[in-house]
file upload.pdb (PDB, C-alpha atoms and all ligand atoms)
MODEL        1
ATOM      1  CA  MET A   1      27.772 142.847 -53.258
ATOM      2  CA  ARG A   2      26.219 139.537 -54.161
ATOM      3  CA  LEU A   3      28.792 137.613 -52.154
ATOM      4  CA  SER A   4      28.220 139.403 -48.861
ATOM      5  CA  ARG A   5      24.452 139.098 -49.279
ATOM      6  CA  ALA A   6      24.794 135.365 -49.873
ATOM      7  CA  LEU A   7      27.005 135.073 -46.789
ATOM      8  CA  SER A   8      24.511 136.999 -44.654
ATOM      9  CA  TRP A   9      21.738 134.633 -45.750
ATOM     10  CA  LEU A  10      23.937 131.667 -44.956
ATOM     11  CA  CYS A  11      24.503 132.978 -41.400
ATOM     12  CA  VAL A  12      20.805 133.647 -40.845
ATOM     13  CA  LEU A  13      19.879 130.221 -42.185
ATOM     14  CA  THR A  14      22.436 128.399 -40.028
ATOM     15  CA  LEU A  15      21.406 130.266 -36.881
ATOM     16  CA  GLY A  16      17.756 129.595 -37.696
ATOM     17  CA  VAL A  17      18.375 125.877 -38.045
ATOM     18  CA  VAL A  18      20.148 125.789 -34.666
ATOM     19  CA  VAL A  19      17.601 127.926 -32.811
ATOM     20  CA  PHE A  20      14.466 126.279 -34.148
ATOM     21  CA  SER A  21      15.592 122.667 -34.215
ATOM     22  CA  THR A  22      14.975 122.104 -30.512
ATOM     23  CA  PRO A  23      15.597 118.438 -29.783
ATOM     24  CA  ALA A  24      12.744 116.260 -28.500
ATOM     25  CA  ALA A  25      12.502 115.797 -24.726
ATOM     26  CA  ALA A  26      15.153 113.401 -23.435
ATOM     27  CA  GLN A  27      14.116 109.875 -22.485
ATOM     28  CA  SER A  28      16.464 109.638 -19.496
ATOM     29  CA  VAL A  29      18.555 111.879 -17.268
ATOM     30  CA  ASN A  30      21.730 110.549 -18.928
ATOM     31  CA  ARG A  31      20.396 111.466 -22.354
ATOM     32  CA  ALA A  32      19.437 114.935 -21.100
ATOM     33  CA  ALA A  33      22.969 115.573 -19.749
ATOM     34  CA  ILE A  34      24.596 114.413 -22.996
ATOM     35  CA  ASP A  35      22.213 116.397 -25.202
ATOM     36  CA  GLU A  36      22.770 119.517 -23.122
ATOM     37  CA  LEU A  37      26.550 119.167 -23.493
ATOM     38  CA  ASN A  38      26.210 118.751 -27.261
ATOM     39  CA  GLU A  39      24.084 121.869 -27.427
ATOM     40  CA  GLN A  40      26.512 123.903 -25.309
ATOM     41  CA  LEU A  41      29.438 122.895 -27.513
ATOM     42  CA  LEU A  42      27.433 123.639 -30.631
ATOM     43  CA  TYR A  43      26.764 127.203 -29.456
ATOM     44  CA  VAL A  44      30.521 127.693 -29.081
ATOM     45  CA  ALA A  45      31.512 125.881 -32.261
ATOM     46  CA  LEU A  46      28.995 127.520 -34.554
ATOM     47  CA  PRO A  47      30.081 131.190 -34.203
ATOM     48  CA  LEU A  48      33.728 130.074 -34.386
ATOM     49  CA  THR A  49      33.113 128.156 -37.602
ATOM     50  CA  LEU A  50      31.237 131.080 -39.108
ATOM     51  CA  PHE A  51      33.997 133.500 -38.057
ATOM     52  CA  VAL A  52      36.772 131.371 -39.566
ATOM     53  CA  GLU A  53      34.859 130.758 -42.792
ATOM     54  CA  LEU A  54      33.986 134.435 -43.164
ATOM     55  CA  MET A  55      37.623 135.472 -42.638
ATOM     56  CA  LEU A  56      38.713 132.926 -45.205
ATOM     57  CA  VAL A  57      36.189 134.028 -47.805
ATOM     58  CA  TYR A  58      36.980 137.683 -47.094
ATOM     59  CA  ALA A  59      40.728 137.108 -47.554
ATOM     60  CA  ILE A  60      40.182 135.236 -50.816
ATOM     61  CA  TYR A  61      37.846 137.924 -52.128
ATOM     62  CA  ARG A  62      39.803 140.962 -50.917
ATOM     63  CA  PHE A  63      43.322 139.884 -51.937
ATOM     64  CA  HIS A  64      42.778 137.678 -54.975
ATOM     65  CA  ASN A  65      44.034 140.318 -57.400
ATOM     66  CA  ASN A  66      47.048 141.470 -55.430
ATOM     67  CA  ASP A  67      49.972 141.659 -57.841
ATOM     68  CA  ASP A  68      52.377 142.931 -55.202
ATOM     69  CA  PRO A  69      51.838 140.938 -51.998
ATOM     70  CA  LYS A  70      53.749 142.105 -48.901
ATOM     71  CA  PRO A  71      55.171 139.688 -46.290
ATOM     72  CA  THR A  72      53.216 139.357 -43.045
ATOM     73  CA  ILE A  73      54.542 141.549 -40.235
ATOM     74  CA  ASP A  74      54.863 140.252 -36.653
ATOM     75  CA  ASP A  75      51.947 141.184 -34.425
ATOM     76  CA  PRO A  76      52.611 139.919 -30.878
ATOM     77  CA  ALA A  77      49.372 141.363 -29.501
ATOM     78  CA  LEU A  78      47.337 139.477 -32.088
ATOM     79  CA  GLU A  79      49.276 136.259 -31.473
ATOM     80  CA  VAL A  80      48.779 136.472 -27.701
ATOM     81  CA  THR A  81      45.086 137.172 -28.210
ATOM     82  CA  TRP A  82      44.379 134.187 -30.417
ATOM     83  CA  THR A  83      46.451 131.862 -28.248
ATOM     84  CA  ALA A  84      44.588 132.981 -25.108
ATOM     85  CA  ALA A  85      41.205 132.761 -26.854
ATOM     86  CA  THR A  86      41.942 129.223 -28.070
ATOM     87  CA  GLY A  87      43.096 128.260 -24.567
ATOM     88  CA  ALA A  88      39.908 129.647 -23.023
ATOM     89  CA  ILE A  89      37.742 127.720 -25.482
ATOM     90  CA  LEU A  90      39.620 124.470 -24.811
ATOM     91  CA  VAL A  91      39.237 124.953 -21.044
ATOM     92  CA  PHE A  92      35.499 125.540 -21.529
ATOM     93  CA  VAL A  93      35.169 122.336 -23.601
ATOM     94  CA  GLY A  94      37.202 120.347 -21.044
ATOM     95  CA  VAL A  95      35.275 121.632 -18.022
ATOM     96  CA  SER A  96      31.863 121.099 -19.676
ATOM     97  CA  GLY A  97      32.843 117.544 -20.606
ATOM     98  CA  PHE A  98      34.168 116.867 -17.117
ATOM     99  CA  PHE A  99      30.906 117.905 -15.460
ATOM    100  CA  VAL A 100      28.935 115.496 -17.636
ATOM    101  CA  LEU A 101      31.441 112.705 -16.950
ATOM    102  CA  ALA A 102      31.136 113.364 -13.212
ATOM    103  CA  ASN A 103      27.328 113.122 -13.427
ATOM    104  CA  PRO A 104      26.252 110.377 -10.973
ATOM    105  CA  TYR A 105      24.138 108.697 -13.662
ATOM    106  CA  ILE A 106      26.962 108.590 -16.185
ATOM    107  CA  SER A 107      29.715 107.630 -13.702
ATOM    108  CA  PRO A 108      27.965 105.787 -10.815
ATOM    109  CA  ALA A 109      31.208 105.913  -8.780
ATOM    110  CA  ALA A 110      30.830 109.693  -8.685
ATOM    111  CA  ALA A 111      27.485 109.297  -6.907
ATOM    112  CA  GLY A 112      29.128 107.925  -3.791
ATOM    113  CA  ALA A 113      28.540 104.348  -4.799
ATOM    114  CA  THR A 114      30.302 101.642  -2.844
ATOM    115  CA  ASP A 115      33.214  99.782  -4.411
ATOM    116  CA  SER A 116      30.790  97.378  -6.022
ATOM    117  CA  GLY A 117      28.842 100.298  -7.456
ATOM    118  CA  GLU A 118      25.896  99.914  -5.080
ATOM    119  CA  MET A 119      23.536 102.862  -4.793
ATOM    120  CA  ALA A 120      21.458 102.945  -1.629
ATOM    121  CA  ASN A 121      18.069 103.975  -3.004
ATOM    122  CA  ASP A 122      18.212 102.619  -6.509
ATOM    123  CA  MET A 123      16.093  99.858  -7.892
ATOM    124  CA  GLU A 124      18.584  97.167  -8.884
ATOM    125  CA  VAL A 125      18.193  95.014 -11.945
ATOM    126  CA  ASP A 126      20.566  92.102 -12.432
ATOM    127  CA  VAL A 127      21.441  91.701 -16.069
ATOM    128  CA  LEU A 128      23.063  88.468 -17.130
ATOM    129  CA  THR A 129      24.349  88.378 -20.692
ATOM    130  CA  TYR A 130      25.326  85.336 -22.672
ATOM    131  CA  GLN A 131      25.790  84.329 -26.301
ATOM    132  CA  TRP A 132      23.310  85.617 -27.454
ATOM    133  CA  GLY A 133      20.755  86.979 -25.122
ATOM    134  CA  TYR A 134      19.867  88.565 -21.827
ATOM    135  CA  GLU A 135      18.321  87.573 -18.557
ATOM    136  CA  PHE A 136      16.878  90.415 -16.482
ATOM    137  CA  SER A 137      16.188  89.715 -12.794
ATOM    138  CA  TYR A 138      13.983  92.136 -10.886
ATOM    139  CA  PRO A 139      14.545  93.079  -7.239
ATOM    140  CA  ASN A 140      12.638  91.460  -4.362
ATOM    141  CA  SER A 141      10.893  89.067  -6.675
ATOM    142  CA  ASN A 142      11.578  85.849  -8.383
ATOM    143  CA  VAL A 143      10.774  87.365 -11.732
ATOM    144  CA  THR A 144      13.069  87.212 -14.721
ATOM    145  CA  THR A 145      12.540  88.166 -18.340
ATOM    146  CA  SER A 146      14.717  87.650 -21.349
ATOM    147  CA  GLU A 147      13.386  89.517 -24.368
ATOM    148  CA  THR A 148      12.022  92.615 -22.700
ATOM    149  CA  LEU A 149      13.370  94.714 -19.862
ATOM    150  CA  TYR A 150      10.634  96.443 -17.870
ATOM    151  CA  LEU A 151      11.427  99.636 -15.947
ATOM    152  CA  PRO A 152       9.320 102.055 -13.912
ATOM    153  CA  ASN A 153       9.382 105.665 -15.077
ATOM    154  CA  ASN A 154      11.144 108.362 -13.010
ATOM    155  CA  THR A 155      12.956 105.812 -10.856
ATOM    156  CA  ASP A 156      16.712 105.549 -10.326
ATOM    157  CA  VAL A 157      17.870 102.211 -11.669
ATOM    158  CA  THR A 158      21.218 100.489 -11.207
ATOM    159  CA  PHE A 159      22.015  97.692 -13.617
ATOM    160  CA  ARG A 160      24.382  95.035 -12.289
ATOM    161  CA  LEU A 161      25.922  93.621 -15.407
ATOM    162  CA  ARG A 162      27.493  90.186 -15.694
ATOM    163  CA  SER A 163      28.520  87.951 -18.549
ATOM    164  CA  SER A 164      28.617  84.182 -18.493
ATOM    165  CA  ASP A 165      30.911  83.831 -21.496
ATOM    166  CA  VAL A 166      32.545  86.629 -23.517
ATOM    167  CA  ILE A 167      32.653  90.425 -23.473
ATOM    168  CA  HIS A 168      29.327  92.079 -24.270
ATOM    169  CA  SER A 169      28.243  95.699 -24.095
ATOM    170  CA  PHE A 170      24.967  96.978 -22.688
ATOM    171  CA  TYR A 171      23.769  99.769 -24.958
ATOM    172  CA  ILE A 172      20.486 101.708 -24.847
ATOM    173  CA  PRO A 173      21.040 104.621 -27.261
ATOM    174  CA  ASP A 174      17.848 106.482 -26.303
ATOM    175  CA  PHE A 175      18.959 106.496 -22.673
ATOM    176  CA  GLY A 176      22.572 107.460 -23.362
ATOM    177  CA  VAL A 177      23.642 104.302 -21.517
ATOM    178  CA  LYS A 178      26.562 102.169 -22.705
ATOM    179  CA  GLN A 179      28.657  99.880 -20.528
ATOM    180  CA  ASP A 180      30.977  96.979 -21.299
ATOM    181  CA  ILE A 181      30.354  93.670 -19.537
ATOM    182  CA  PHE A 182      33.256  91.335 -18.769
ATOM    183  CA  PRO A 183      33.173  87.664 -17.808
ATOM    184  CA  GLY A 184      34.126  87.102 -14.173
ATOM    185  CA  GLN A 185      33.560  90.730 -13.249
ATOM    186  CA  GLU A 186      30.543  92.842 -12.384
ATOM    187  CA  THR A 187      30.125  96.256 -13.956
ATOM    188  CA  VAL A 188      27.457  98.798 -13.190
ATOM    189  CA  ALA A 189      25.372 101.225 -15.226
ATOM    190  CA  ARG A 190      22.829 103.690 -13.957
ATOM    191  CA  THR A 191      19.940 105.681 -15.320
ATOM    192  CA  GLN A 192      16.571 107.200 -14.612
ATOM    193  CA  PRO A 193      14.035 106.905 -17.443
ATOM    194  CA  THR A 194      11.978 110.073 -17.836
ATOM    195  CA  GLU A 195       9.520 109.069 -20.526
ATOM    196  CA  THR A 196       7.319 106.008 -20.873
ATOM    197  CA  GLY A 197       7.646 104.074 -24.106
ATOM    198  CA  THR A 198       9.480 101.244 -25.798
ATOM    199  CA  TYR A 199      13.174 101.534 -26.575
ATOM    200  CA  ARG A 200      15.845  99.245 -27.982
ATOM    201  CA  LEU A 201      18.679  97.585 -26.138
ATOM    202  CA  TYR A 202      21.638  96.374 -28.167
ATOM    203  CA  CYS A 203      24.826  94.501 -27.502
ATOM    204  CA  ALA A 204      27.522  96.887 -28.716
ATOM    205  CA  GLU A 205      30.476  94.493 -28.591
ATOM    206  CA  LEU A 206      31.042  91.991 -31.401
ATOM    207  CA  CYS A 207      30.519  88.766 -29.456
ATOM    208  CA  GLY A 208      30.176  86.013 -32.015
ATOM    209  CA  SER A 209      28.012  84.927 -34.924
ATOM    210  CA  GLY A 210      24.746  85.746 -33.129
ATOM    211  CA  HIS A 211      25.834  89.229 -32.095
ATOM    212  CA  ALA A 212      23.478  90.998 -34.513
ATOM    213  CA  ARG A 213      20.506  89.223 -32.940
ATOM    214  CA  MET A 214      21.476  90.207 -29.412
ATOM    215  CA  GLN A 215      18.804  92.837 -28.916
ATOM    216  CA  ALA A 216      15.942  93.375 -26.519
ATOM    217  CA  ASP A 217      13.117  95.833 -25.899
ATOM    218  CA  VAL A 218      13.162  98.203 -22.962
ATOM    219  CA  VAL A 219       9.627  99.060 -21.864
ATOM    220  CA  VAL A 220       9.235 102.014 -19.499
ATOM    221  CA  LEU A 221       5.923 101.957 -17.610
ATOM    222  CA  ASN A 222       4.341 104.293 -15.083
ATOM    223  CA  GLN A 223       5.103 103.192 -11.541
ATOM    224  CA  SER A 224       1.568 101.817 -11.013
ATOM    225  CA  GLU A 225       1.620  99.936 -14.321
ATOM    226  CA  TYR A 226       5.029  98.546 -13.459
ATOM    227  CA  ASP A 227       3.841  97.431 -10.012
ATOM    228  CA  SER A 228       0.847  95.629 -11.450
ATOM    229  CA  TRP A 229       2.993  94.027 -14.136
ATOM    230  CA  LEU A 230       5.378  92.744 -11.457
ATOM    231  CA  ASP A 231       2.480  91.511  -9.293
ATOM    232  CA  GLU A 232       1.076  89.705 -12.301
ATOM    233  CA  GLN A 233       4.395  87.968 -12.930
ATOM    234  CA  ARG A 234       4.723  87.019  -9.276
ATOM    235  CA  GLY A 235       1.142  85.757  -9.210
ATOM    236  CA  SER A 236       1.659  83.544 -12.199
ATOM    237  CA  GLY A 237       4.694  82.106 -10.446
ATOM    238  CA  ALA A 238       6.555  82.605 -13.657
ATOM    239  CA  ASN A 239      10.272  82.528 -13.506
ATOM    240  CA  ASN A 240      10.591  83.199 -17.160
ATOM    241  CA  THR A 241       7.780  85.354 -18.401
ATOM    242  CA  THR A 242       9.289  85.670 -21.798
ATOM    243  CA  THR A 243      10.766  82.552 -23.176
ATOM    244  CA  PRO A 244      13.753  83.001 -25.427
ATOM    245  CA  ASP A 245      13.168  82.188 -29.040
ATOM    246  CA  GLY A 246      15.200  79.703 -31.067
ATOM    247  CA  VAL A 247      18.144  82.066 -30.888
ATOM    248  CA  ASN A 248      19.230  80.744 -27.530
ATOM    249  CA  ASN A 249      18.896  77.052 -28.190
ATOM    250  CA  THR A 250      22.504  76.389 -27.383
ATOM    251  CA  THR A 251      22.444  78.216 -24.062
ATOM    252  CA  THR A 252      19.299  77.923 -22.023
ATOM    253  CA  PRO A 253      18.738  80.733 -19.527
ATOM    254  CA  ASP A 254      19.006  78.140 -16.772
ATOM    255  CA  GLY A 255      22.357  77.000 -18.022
ATOM    256  CA  ALA A 256      23.458  80.587 -18.259
ATOM    257  CA  ASN A 257      22.205  81.167 -14.748
ATOM    258  CA  ALA A 258      24.233  78.287 -13.412
ATOM    259  CA  THR A 259      27.349  79.711 -15.005
ATOM    260  CA  ALA A 260      26.549  83.132 -13.643
ATOM    261  CA  ALA A 261      26.035  81.858 -10.141
ATOM    262  CA  SER A 262      29.604  80.705 -10.142
ATOM    263  CA  VAL A 263      30.808  84.177 -11.120
ATOM    264  CA  ALA A 264      31.729  85.671  -7.814
ATOM    265  CA  ARG A 265      30.512  89.194  -7.149
ATOM    266  CA  PRO A 266      33.243  91.564  -6.108
ATOM    267  CA  ALA A 267      33.105  92.326  -2.398
TER     268      ALA A 267
HETATM  269 CU    CU B 301      27.340  91.198 -28.824
ENDMDL
END

call {"tool": "encode", "arguments": {"input": "upload.pdb", "output": "structure tokens", "more": "lines below"}}
Ligand SMILES: [Cu+2]
result
Amino acid sequence: MRLSRALSWLCVLTLGVVVFSTPAAAQSVNRAAIDELNEQLLYVALPLTLFVELMLVYAIYRFHNNDDPKPTIDDPALEVTWTAATGAILVFVGVSGFFVLANPYISPAAAGATDSGEMANDMEVDVLTYQWGYEFSYPNSNVTTSETLYLPNNTDVTFRLRSSDVIHSFYIPDFGVKQDIFPGQETVARTQPTETGTYRLYCAELCGSGHARMQADVVVLNQSEYDSWLDEQRGSGANNTTTPDGVNNTTTPDGANATAASVARPA
């Protein structure tokens, strides 16, 4: 019974990989919700896959030398069972996905946000995108940065996203945050970082020849570190703590700002 032994080992190995490969702690609440959904679906998909594969291998092995095959006979009970089981699994997948979609961090509108996506207690960061860079404006301060976005850890953040030219997309893979940005319209994304560190922000919408360079760092600091960083920036009277490199020669942040100012915020 070499085949069945090999199959048993395959099952044990697969289960072992799933059980012991616990993912690293999530870097944001969005990421945690998405990872949890993936895990839930994996626990459903894995036994199903194993079951189907085992049945297939069994059928091949058991009937491969059948010189007198008989036609399949109707079995209504079996048909009803597999239809109902498939239906139940699809409902489970749909409901699990819906709950993650309805998460107030993934769909800010679900959190009771106003029409403009405003969340009462969130820290709000204005993000202005342009070909090919970013301008991050921090609340209650005159501080803006362009190459690095600073965020306090364990704080709800709403990003108000605007574009001064073409469509961009605000994408922080480690946070599970991705939101398109349209010219003349404000969109909103939300998150709460849960781990300090440096992450990458990308533009995920092909927006011209400089698209590949449209990246920034996201630095998550402890609240106290963030406060002192912000105080420092205020103290230095800096409006642009990080000057854009040669990339943005054609569009200065000021120019971009002027364009953005004329983009009316939805009421
Ligand atoms: Cu882009």

call {"tool": "atom_distance", "arguments": {"input": "upload.pdb", "atom1": "CA of Gln233 (chain A)", "atom2": "CA of Trp132 (chain A)"}}
result
24.0 Å

call {"tool": "closest_atom_pairs", "arguments": {"input": "upload.pdb", "of": "chain A", "to": "ligand CU 301 (chain B)", "cutoff": "6 Å", "atoms": "all atoms listed in the file", "output": "tab-separated table"}}
result
residue	atom	partner	partner_atom	distance
A:His168	CA	B:CU301	CU	5.0
A:Cys203	CA	B:CU301	CU	4.4
A:Ala204	CA	B:CU301	CU	5.7
A:Glu205	CA	B:CU301	CU	4.6
A:Leu206	CA	B:CU301	CU	4.6
A:Cys207	CA	B:CU301	CU	4.1
A:His211	CA	B:CU301	CU	4.1
A:Met214	CA	B:CU301	CU	6.0

call {"tool": "resolve_selection", "arguments": {"input": "upload.pdb", "expression": "the PyMOL selection byres (((chain A and resi 167) around 6) and not hetatm)", "output": "list in words"}}
result
Val166, His168, Ile181 and Phe182 of chain A

call {"tool": "write_last_selection", "arguments": {"input": "upload.pdb", "atoms": "C-alpha atoms", "output": "tab-separated table (two decimals), in the frame of the given file"}}
result
chain	number	residue	atom	x	y	z
A	166	VAL	CA	32.54	86.63	-23.52
A	168	HIS	CA	29.33	92.08	-24.27
A	181	ILE	CA	30.35	93.67	-19.54
A	182	PHE	CA	33.26	91.34	-18.77

call {"tool": "axis_aligned_box", "arguments": {"input": "upload.pdb", "around": "region 231-236 of chain A", "padding_each_side": "3 Å", "output": "AutoDock Vina command-line options"}}
result
--center_x 2.9 --center_y 87.5 --center_z -11.1 --size_x 9.6 --size_y 14.0 --size_z 9.7

call {"tool": "resolve_selection", "arguments": {"input": "upload.pdb", "expression": "the PyMOL selection byres (((chain A and resi 173) around 9) and not hetatm)", "output": "list in words"}}
result
Arg31, Tyr171, Ile172, Asp174, Phe175, Gly176, Val177, Lys178, Tyr199, Arg200, Leu201 and Tyr202 of chain A

call {"tool": "write_last_selection", "arguments": {"input": "upload.pdb", "atoms": "C-alpha atoms", "output": "PDB file, keeping the file's coordinate frame"}}
result
ATOM      1  CA  ARG A  31      20.396 111.466 -22.354  1.00  0.00           C
ATOM      2  CA  TYR A 171      23.769  99.769 -24.958  1.00  0.00           C
ATOM      3  CA  ILE A 172      20.486 101.708 -24.847  1.00  0.00           C
ATOM      4  CA  ASP A 174      17.848 106.482 -26.303  1.00  0.00           C
ATOM      5  CA  PHE A 175      18.959 106.496 -22.673  1.00  0.00           C
ATOM      6  CA  GLY A 176      22.572 107.460 -23.362  1.00  0.00           C
ATOM      7  CA  VAL A 177      23.642 104.302 -21.517  1.00  0.00           C
ATOM      8  CA  LYS A 178      26.562 102.169 -22.705  1.00  0.00           C
ATOM      9  CA  TYR A 199      13.174 101.534 -26.575  1.00  0.00           C
ATOM     10  CA  ARG A 200      15.845  99.245 -27.982  1.00  0.00           C
ATOM     11  CA  LEU A 201      18.679  97.585 -26.138  1.00  0.00           C
ATOM     12  CA  TYR A 202      21.638  96.374 -28.167  1.00  0.00           C
TER      13      TYR A 202
END

call {"tool": "residues_near_point", "arguments": {"input": "upload.pdb", "point": "(31.9, 123.7, -29.4)", "cutoff": "12 Å", "atoms": "all atoms listed in the file", "output": "list in words"}}
result
Glu36, Leu37, Asn38, Glu39, Gln40, Leu41, Leu42, Tyr43, Val44, Ala45, Leu46, Pro47, Leu48, Thr49, Thr86, Ala88, Ile89, Leu90, Val91, Phe92, Val93, Gly94, Ser96 and Gly97 of chain A

call {"tool": "residues_around", "arguments": {"input": "upload.pdb", "residues": "Arg160 (chain A)", "least_positions_apart": "6", "cutoff": "6 Å", "atoms": "all atoms listed in the file", "output": "list of chain:residue names"}}
result
A:Asp126, A:Val127, A:Val188

call {"tool": "write_last_selection", "arguments": {"input": "upload.pdb", "atoms": "C-alpha atoms", "output": "compact mmCIF listing (two decimals), in the coordinates of the input"}}
result
# COMPACT_ATOMS: atom_id res chain seq x y z
CA ASP A 126 20.57 92.10 -12.43
CA VAL A 127 21.44 91.70 -16.07
CA VAL A 188 27.46 98.80 -13.19

call {"tool": "closest_residue", "arguments": {"input": "upload.pdb", "among": "A:Ser141, A:Ser169, A:Gln27, A:Thr198", "to": "Asn154 (chain A)", "atoms": "all atoms listed in the file"}}
result
A:Gln27

call {"tool": "resolve_selection", "arguments": {"input": "upload.pdb", "expression": "the PyMOL selection byres (((chain A and resi 148) around 6) and not hetatm)", "output": "list in words"}}
result
Ser146, Glu147, Leu149, Ala216, Asp217 and Val218 of chain A

call {"tool": "atom_distance", "arguments": {"input": "upload.pdb", "atom1": "CA of Pro183 (chain A)", "atom2": "CA of Phe159 (chain A)"}}
result
15.6 Å

call {"tool": "closest_residue", "arguments": {"input": "upload.pdb", "among": "A:Thr129, A:Ser209, A:Thr155, A:Tyr150", "to": "Thr194 (chain A)", "atoms": "all atoms listed in the file"}}
result
A:Thr155

call {"tool": "closest_residue", "arguments": {"input": "upload.pdb", "among": "A:Val57, A:Ala212, A:Ala85, A:Leu161", "to": "Gln131 (chain A)", "atoms": "all atoms listed in the file"}}
result
A:Ala212

call {"tool": "atom_distance", "arguments": {"input": "upload.pdb", "atom1": "CA of Gln179 (chain A)", "atom2": "CA of Ser228 (chain A)"}}
result
29.6 Å

call {"tool": "closest_residue", "arguments": {"input": "upload.pdb", "among": "A:Thr158, A:Asn153, A:Gln192, A:Thr144", "to": "Tyr226 (chain A)", "atoms": "all atoms listed in the file"}}
result
A:Asn153

call {"tool": "residues_around", "arguments": {"input": "upload.pdb", "residues": "Leu151 (chain A)", "least_positions_apart": "3", "cutoff": "10 Å", "atoms": "all atoms listed in the file", "output": "number ranges by chain"}}
result
A: 123, 125, 138, 148, 154-157, 192-193, 196, 218-223, 225-227
